[in-house]
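J.: Below is structure.cif; it holds mmCIF, C-alpha atoms.
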data_query
#
loop_
_atom_site.label_atom_id
_atom_site.label_comp_id
_atom_site.auth_asym_id
_atom_site.auth_seq_id
_atom_site.Cartn_x
_atom_site.Cartn_y
_atom_site.Cartn_z
CA MET I 1 131.06 63.69 113.21
CA THR I 2 127.55 63.83 111.71
CA GLY I 3 126.22 64.93 115.10
CA VAL I 4 128.64 67.86 115.23
CA LEU I 5 127.70 68.86 111.69
CA ILE I 6 124.01 68.86 112.52
CA GLN I 7 124.65 70.88 115.68
CA LEU I 8 126.55 73.44 113.61
CA ALA I 9 123.99 73.44 110.82
CA ILE I 10 121.00 74.47 112.96
CA PRO I 11 122.38 77.81 114.20
CA LEU I 12 123.80 78.43 110.73
CA VAL I 13 120.36 78.02 109.14
CA LEU I 14 118.89 80.37 111.75
CA ILE I 15 121.55 83.01 111.13
CA LEU I 16 121.06 82.71 107.37
CA ALA I 17 117.28 83.00 107.78
CA ALA I 18 117.73 86.13 109.90
CA ALA I 19 120.19 87.75 107.50
CA GLY I 20 118.11 86.79 104.46
CA GLY I 21 114.96 88.06 106.14
CA ARG I 22 116.59 91.43 106.92
CA VAL I 23 117.90 91.89 103.40
CA ALA I 24 114.56 90.90 101.85
CA HIS I 25 112.70 93.26 104.22
CA ARG I 26 114.92 96.20 103.23
CA ARG I 27 114.60 95.35 99.53
CA ARG I 28 110.78 95.26 99.79
CA GLY I 29 110.86 98.63 101.52
CA ALA I 30 112.92 100.17 98.70
CA HIS I 31 110.56 98.63 96.12
CA ILE I 32 107.55 100.19 97.88
CA GLU I 33 109.24 103.61 97.92
CA ARG I 34 109.94 103.45 94.18
CA ARG I 35 106.36 102.49 93.27
CA ARG I 36 104.89 105.12 95.57
CA ALA I 37 106.04 107.92 93.22
CA ASP I 38 103.75 106.65 90.42
CA VAL I 39 100.61 106.91 92.53
CA ALA I 40 101.55 110.01 94.54
CA HIS I 41 98.88 112.08 92.72
CA ILE I 42 96.02 109.90 94.02
CA THR I 43 94.37 111.26 97.16
CA LEU I 44 93.51 108.77 99.90
CA SER I 45 90.85 109.61 102.45
CA PRO I 46 89.09 107.70 105.19
CA ARG I 47 86.21 110.16 104.82
CA PRO I 48 83.31 109.37 102.46
CA THR I 49 83.75 112.42 100.23
CA LEU I 50 86.51 114.53 98.74
CA PRO I 51 85.68 118.23 98.51
CA GLY I 52 85.39 119.44 94.93
CA LEU I 53 84.92 116.01 93.44
CA ASP I 54 81.23 115.32 93.12
CA GLU I 55 80.44 114.96 89.42
CA PRO I 56 78.29 111.98 88.54
CA ARG I 57 80.48 108.95 88.10
CA HIS I 58 80.13 105.23 88.14
CA GLY I 59 80.68 103.91 91.65
CA GLU I 60 83.41 101.32 91.95
CA LEU I 61 85.19 99.48 94.74
CA VAL I 62 88.92 98.93 94.79
CA VAL I 63 90.76 96.36 96.90
CA GLY I 64 94.41 95.68 97.71
CA SER I 65 95.69 92.84 99.86
CA VAL I 66 98.82 91.02 100.91
CA VAL I 67 99.61 88.09 103.20
CA MET I 68 102.86 88.71 105.04
CA GLY I 69 104.85 86.72 107.58
CA ALA I 70 107.75 87.57 109.88
CA ASP I 71 111.09 85.77 109.50
CA TYR I 72 112.11 83.10 112.00
CA ILE I 73 114.30 85.33 114.16
CA ARG I 74 111.56 87.91 114.52
CA GLN I 75 109.20 85.12 115.57
CA VAL I 76 111.62 83.95 118.26
CA VAL I 77 112.14 87.50 119.54
CA GLY I 78 108.35 88.00 119.45
CA ALA I 79 107.77 84.82 121.44
CA TRP I 80 110.20 86.05 124.12
CA ARG I 81 108.41 89.39 124.26
CA ASN I 82 105.19 87.48 124.95
CA VAL I 83 106.69 86.35 128.25
CA PHE I 84 107.44 89.84 129.58
CA GLY I 85 104.86 91.93 127.73
CA GLY I 86 105.39 95.25 125.99
CA GLU I 87 105.63 96.25 122.38
CA ILE I 88 106.85 93.53 120.03
CA ARG I 89 109.28 95.73 118.13
CA SER I 90 110.35 92.88 115.86
CA PHE I 91 106.82 92.66 114.39
CA THR I 92 106.03 96.37 114.10
CA PRO I 93 108.07 96.98 110.90
CA VAL I 94 106.71 93.80 109.28
CA LEU I 95 103.07 94.82 109.68
CA ASP I 96 103.88 98.42 108.85
CA GLN I 97 105.45 97.35 105.58
CA ALA I 98 102.67 94.88 104.78
CA ARG I 99 100.04 97.59 105.23
CA ALA I 100 102.04 99.95 103.01
CA GLU I 101 102.21 97.21 100.37
CA SER I 102 98.49 96.49 100.54
CA SER I 103 97.46 100.15 100.30
CA LEU I 104 99.94 100.60 97.46
CA ARG I 105 98.31 97.72 95.56
CA MET I 106 94.94 99.38 96.09
CA LEU I 107 96.37 102.68 94.79
CA GLU I 108 97.92 100.96 91.77
CA ALA I 109 94.55 99.39 90.93
CA ALA I 110 92.96 102.87 91.29
CA HIS I 111 95.67 104.34 89.06
CA ALA I 112 95.06 101.67 86.40
CA LYS I 113 91.40 102.73 86.30
CA GLY I 114 92.28 106.40 85.99
CA ALA I 115 90.96 107.47 89.41
CA VAL I 116 92.19 110.62 91.16
CA GLY I 117 91.16 109.55 94.64
CA VAL I 118 90.07 106.70 96.87
CA VAL I 119 87.53 107.62 99.55
CA ASN I 120 86.12 105.80 102.57
CA VAL I 121 89.36 103.84 102.84
CA ARG I 122 89.29 100.99 105.34
CA PHE I 123 92.22 98.91 106.60
CA GLU I 124 91.81 95.47 108.07
CA ALA I 125 94.18 92.82 109.39
CA VAL I 126 93.33 89.16 109.76
CA ARG I 127 95.51 86.48 111.29
CA ILE I 128 95.94 83.57 108.88
CA ASN I 129 98.07 81.27 111.03
CA ASN I 130 100.54 81.60 113.91
CA ASN I 131 102.82 83.81 111.90
CA ALA I 132 101.12 85.16 108.79
CA SER I 133 98.50 87.89 108.59
CA GLU I 134 96.50 89.30 105.73
CA LEU I 135 96.43 93.09 105.41
CA LEU I 136 93.45 94.33 103.44
CA SER I 137 92.80 97.85 102.13
CA TYR I 138 89.68 98.89 100.29
CA GLY I 139 87.77 101.98 99.30
CA THR I 140 85.62 103.68 96.67
CA LEU I 141 87.13 105.23 93.54
CA VAL I 142 86.64 108.92 92.77
CA TYR I 143 87.34 110.35 89.33
CA MET V 1 76.01 96.81 89.18
CA GLN V 2 77.72 99.63 91.06
CA LEU V 3 79.54 98.74 94.27
CA VAL V 4 80.68 101.40 96.71
CA ASN V 5 81.61 101.36 100.37
CA THR V 6 80.19 104.86 100.89
CA GLU V 7 76.60 105.49 101.97
CA THR V 8 75.76 107.36 98.79
CA ILE V 9 76.98 107.44 95.19
CA PRO V 10 77.97 110.95 94.09
CA GLY V 11 75.74 112.07 91.23
CA TRP V 12 73.15 109.36 91.79
CA ASN V 13 69.91 109.35 93.75
CA ILE V 14 68.92 106.30 95.69
CA THR V 15 65.23 105.76 95.02
CA GLU V 16 64.63 102.43 96.67
CA VAL V 17 66.29 100.24 99.29
CA LYS V 18 66.03 96.52 98.58
CA GLY V 19 67.62 95.35 101.82
CA LEU V 20 70.80 93.74 103.09
CA VAL V 21 72.61 91.40 100.73
CA SER V 22 75.59 89.22 101.53
CA GLY V 23 77.83 86.54 100.14
CA ASN V 24 80.29 84.20 101.79
CA THR V 25 82.72 81.42 101.04
CA ILE V 26 84.91 79.25 103.21
CA ARG V 27 88.16 78.08 101.68
CA ALA V 28 90.67 75.59 102.95
CA LYS V 29 94.33 75.85 102.04
CA HIS V 30 95.92 73.32 99.76
CA LEU V 31 98.31 71.05 101.68
CA GLY V 32 101.15 71.50 99.17
CA ARG V 33 100.75 75.28 99.36
CA ASP V 34 100.70 75.02 103.14
CA ILE V 35 104.01 73.17 103.28
CA GLY V 36 105.55 75.64 100.82
CA ALA V 37 104.31 78.49 102.99
CA ALA V 38 105.80 76.88 106.12
CA PHE V 39 109.25 77.02 104.50
CA LYS V 40 108.65 80.55 103.30
CA ASN V 41 107.74 81.46 106.87
CA MET V 42 111.35 80.86 107.93
CA ALA V 43 112.53 83.80 105.84
CA GLY V 44 109.44 85.96 106.27
CA GLY V 45 108.00 88.14 103.51
CA GLU V 46 104.93 87.81 101.36
CA LEU V 47 103.19 84.44 101.12
CA LYS V 48 101.96 84.83 97.54
CA ALA V 49 99.98 81.58 97.49
CA TYR V 50 97.87 82.86 100.38
CA THR V 51 97.49 86.34 98.93
CA GLU V 52 96.08 84.83 95.73
CA LEU V 53 93.89 82.35 97.58
CA LEU V 54 92.30 85.07 99.71
CA ALA V 55 91.85 87.42 96.75
CA GLU V 56 90.08 84.65 94.81
CA SER V 57 87.78 83.83 97.72
CA ARG V 58 86.97 87.50 98.28
CA ALA V 59 86.01 87.84 94.61
CA GLU V 60 83.80 84.76 94.99
CA ALA V 61 82.02 86.15 98.07
CA THR V 62 81.53 89.48 96.27
CA SER V 63 80.01 87.82 93.20
CA ARG V 64 77.58 85.88 95.39
CA MET V 65 76.54 89.13 97.04
CA VAL V 66 76.08 90.74 93.60
CA ALA V 67 73.97 87.78 92.43
CA GLU V 68 71.71 88.20 95.45
CA ALA V 69 71.32 91.92 94.73
CA GLN V 70 70.52 91.24 91.07
CA ALA V 71 67.84 88.75 92.09
CA LEU V 72 66.24 91.54 94.16
CA GLY V 73 66.27 93.88 91.18
CA ALA V 74 68.85 96.27 92.64
CA THR V 75 71.20 98.33 90.47
CA ALA V 76 73.81 99.15 93.10
CA ILE V 77 75.17 98.01 96.47
CA VAL V 78 76.19 100.72 98.92
CA ASN V 79 78.07 100.49 102.21
CA VAL V 80 79.90 97.32 101.17
CA ARG V 81 81.99 95.74 103.96
CA PHE V 82 84.40 92.83 103.93
CA THR V 83 85.18 90.63 106.89
CA THR V 84 87.47 87.64 107.16
CA SER V 85 87.72 85.11 109.94
CA THR V 86 89.71 81.97 110.36
CA VAL V 87 87.52 79.02 111.25
CA ALA V 88 88.47 75.42 112.09
CA GLY V 89 92.18 74.81 111.52
CA GLY V 90 93.45 76.56 108.42
CA ALA V 91 90.15 77.41 106.75
CA ALA V 92 89.16 81.03 106.23
CA GLU V 93 85.73 82.52 105.77
CA MET V 94 85.29 85.51 103.51
CA TYR V 95 82.14 87.51 103.99
CA ALA V 96 80.97 90.47 101.94
CA TYR V 97 77.84 92.43 102.74
CA GLY V 98 76.13 95.64 101.80
CA THR V 99 72.82 97.38 101.17
CA ALA V 100 71.16 96.66 97.83
CA VAL V 101 69.55 99.78 96.36
CA VAL V 102 68.08 101.14 93.17
CA ALA V 103 70.07 104.20 92.06
CA VAL V 104 69.19 106.58 89.24
CA PRO V 105 71.33 109.41 87.83
CA ALA V 106 70.55 112.69 89.62
CA PRO V 107 68.60 115.14 87.45
#
Hey, can you dump this file as structure tokens for me?
T.:
Amino acid sequence: MTGVLIQLAIPLVLILAAAGGRVAHRRRGAHIERRRADVAHITLSPRPTLPGLDEPRHGELVVGSVVMGADYIRQVVGAWRNVFGGEIRSFTPVLDQARAESSLRMLEAAHAKGAVGVVNVRFEAVRINNNASELLSYGTLVY
Amino acid sequence: MQLVNTETIPGWNITEVKGLVSGNTIRAKHLGRDIGAAFKNMAGGELKAYTELLAESRAEATSRMVAEAQALGATAIVNVRFTTSTVAGGAAEMYAYGTAVVAVPAP
């Protein structure tokens, strides 16, 4: 009896993890969209200067970061993809969203300091463990 | 101390270059946090404990770099770069580097 219960419990936990992961992913996406409106006026540029903005100002760095992991089902799908090669579509949205979150945090920090732009923006990703990665965004504030 | 990741600071003239300055720190994760994160990994999403840990270590590396620049008599660091690497099982190194300079307001 206990054996049957355990056998039923394992797939149930996996299905719940997958469903929960999907819902949480979608909710985070909606949250990012809502916050984006508040910082929409800040210009982001990977170039070192923004035309028309060159008055003397105090130079300042701004950083945004997030450590994000994929849910269990995405990991399993990703592991399978490693066998045959090709794009790991289950990871693409996770990293995409994590980068959006990290650049949004950078923009929110810029907004809090009253900046109108962030120049020389750099994005970086670092693997933390088998599943989690840190997405880092940084740049220089322009007023 | 002004920190920028551009080569110049708009409105300021760089009068002297003091040389390359850097700061680093290697942090290990707390075991309790690690176990918590392993559970969190099942559902995916942000691992807040790690985000905070890395942000703290990056701030530490930056302040070491700033201290080095101050010791050289610099007033600004230009071209600041951050790198992160994972070393020996679960520990991460944060490294910040840049060029220490003396900057004066442009006439």
J.: One decimal, Å: what's the distance from atom CA of I:Val121 over to atom CA of V:Pro105, could you say?
T.: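 Calculated distance between atom CA of I:Val121 and atom CA of V:Pro105 is 24.1 Å.
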J.: Expand the PyMOL selection byres ((chain V) within 6 of (chain I)) into the individual residues it matches in the shown file, reporting them as JSON, numbers by chain.
T.: {"V": [2, 3, 4, 5, 6, 10, 11, 42, 43, 44, 45, 46, 47, 51]}
J.: Quick one, how far is atom CA of V:Arg27 from atom CA of V:Ser85?
T.: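 Taking atom CA of V:Arg27 as the start and atom CA of V:Ser85 as the end point, the length is 10.9 Å.
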J.: To one decimal in Å, tell me the separation between atom CA of V:Leu54 and atom CA of I:Glu108.
T.: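 Separation between atom CA of V:Leu54 and atom CA of I:Glu108: 18.6 Å.
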J.: Please provide as a count of residues only all residues within 8 Å of I:Leu104, with the sequence filter that same-chain residues fewer than 5 positions apart are discarded (counting all atoms listed in the file).
T.: 4
J.: Applied to this file, what does the PyMOL selection byres ((chain V and resi 61) around 9) return in terms of residues, put as a list in words?
T.: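 What the PyMOL selection byres ((chain V and resi 61) around 9) grabs from the file is Ser22, Gly23, Asn24, Thr25, Glu56, Ser57, Arg58, Ala59, Glu60, Thr62, Ser63, Arg64, Met65, Val66, Met94, Tyr95, Ala96 and Tyr97 of chain V.
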J.: Could you work out an axis-aligned box for stretch 91-97 of chain I, taking every atom the file lists and adding 6 Å on each side, and report centre and edge lengths in Å to one decimal, as lines of an AutoDock Vina configuration file?
T.:
center_x = 105.6
center_y = 95.5
center_z = 110.0
size_x = 17.0
size_y = 17.8
size_z = 20.8
J.: Taking the file above as input, evaluate the PyMOL selection byres ((chain V and resi 15) around 9) and report the hits as a compact mmCIF listing (two decimals) with C-alpha atoms, in the coordinates of the input.
T.:
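Generated output (selection-v8.txt):
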# COMPACT_ATOMS: atom_id res chain seq x y z
CA ASN V 13 69.91 109.35 93.75
CA ILE V 14 68.92 106.30 95.69
CA GLU V 16 64.63 102.43 96.67
CA VAL V 17 66.29 100.24 99.29
CA VAL V 101 69.55 99.78 96.36
CA VAL V 102 68.08 101.14 93.17
CA ALA V 103 70.07 104.20 92.06
CA VAL V 104 69.19 106.58 89.24
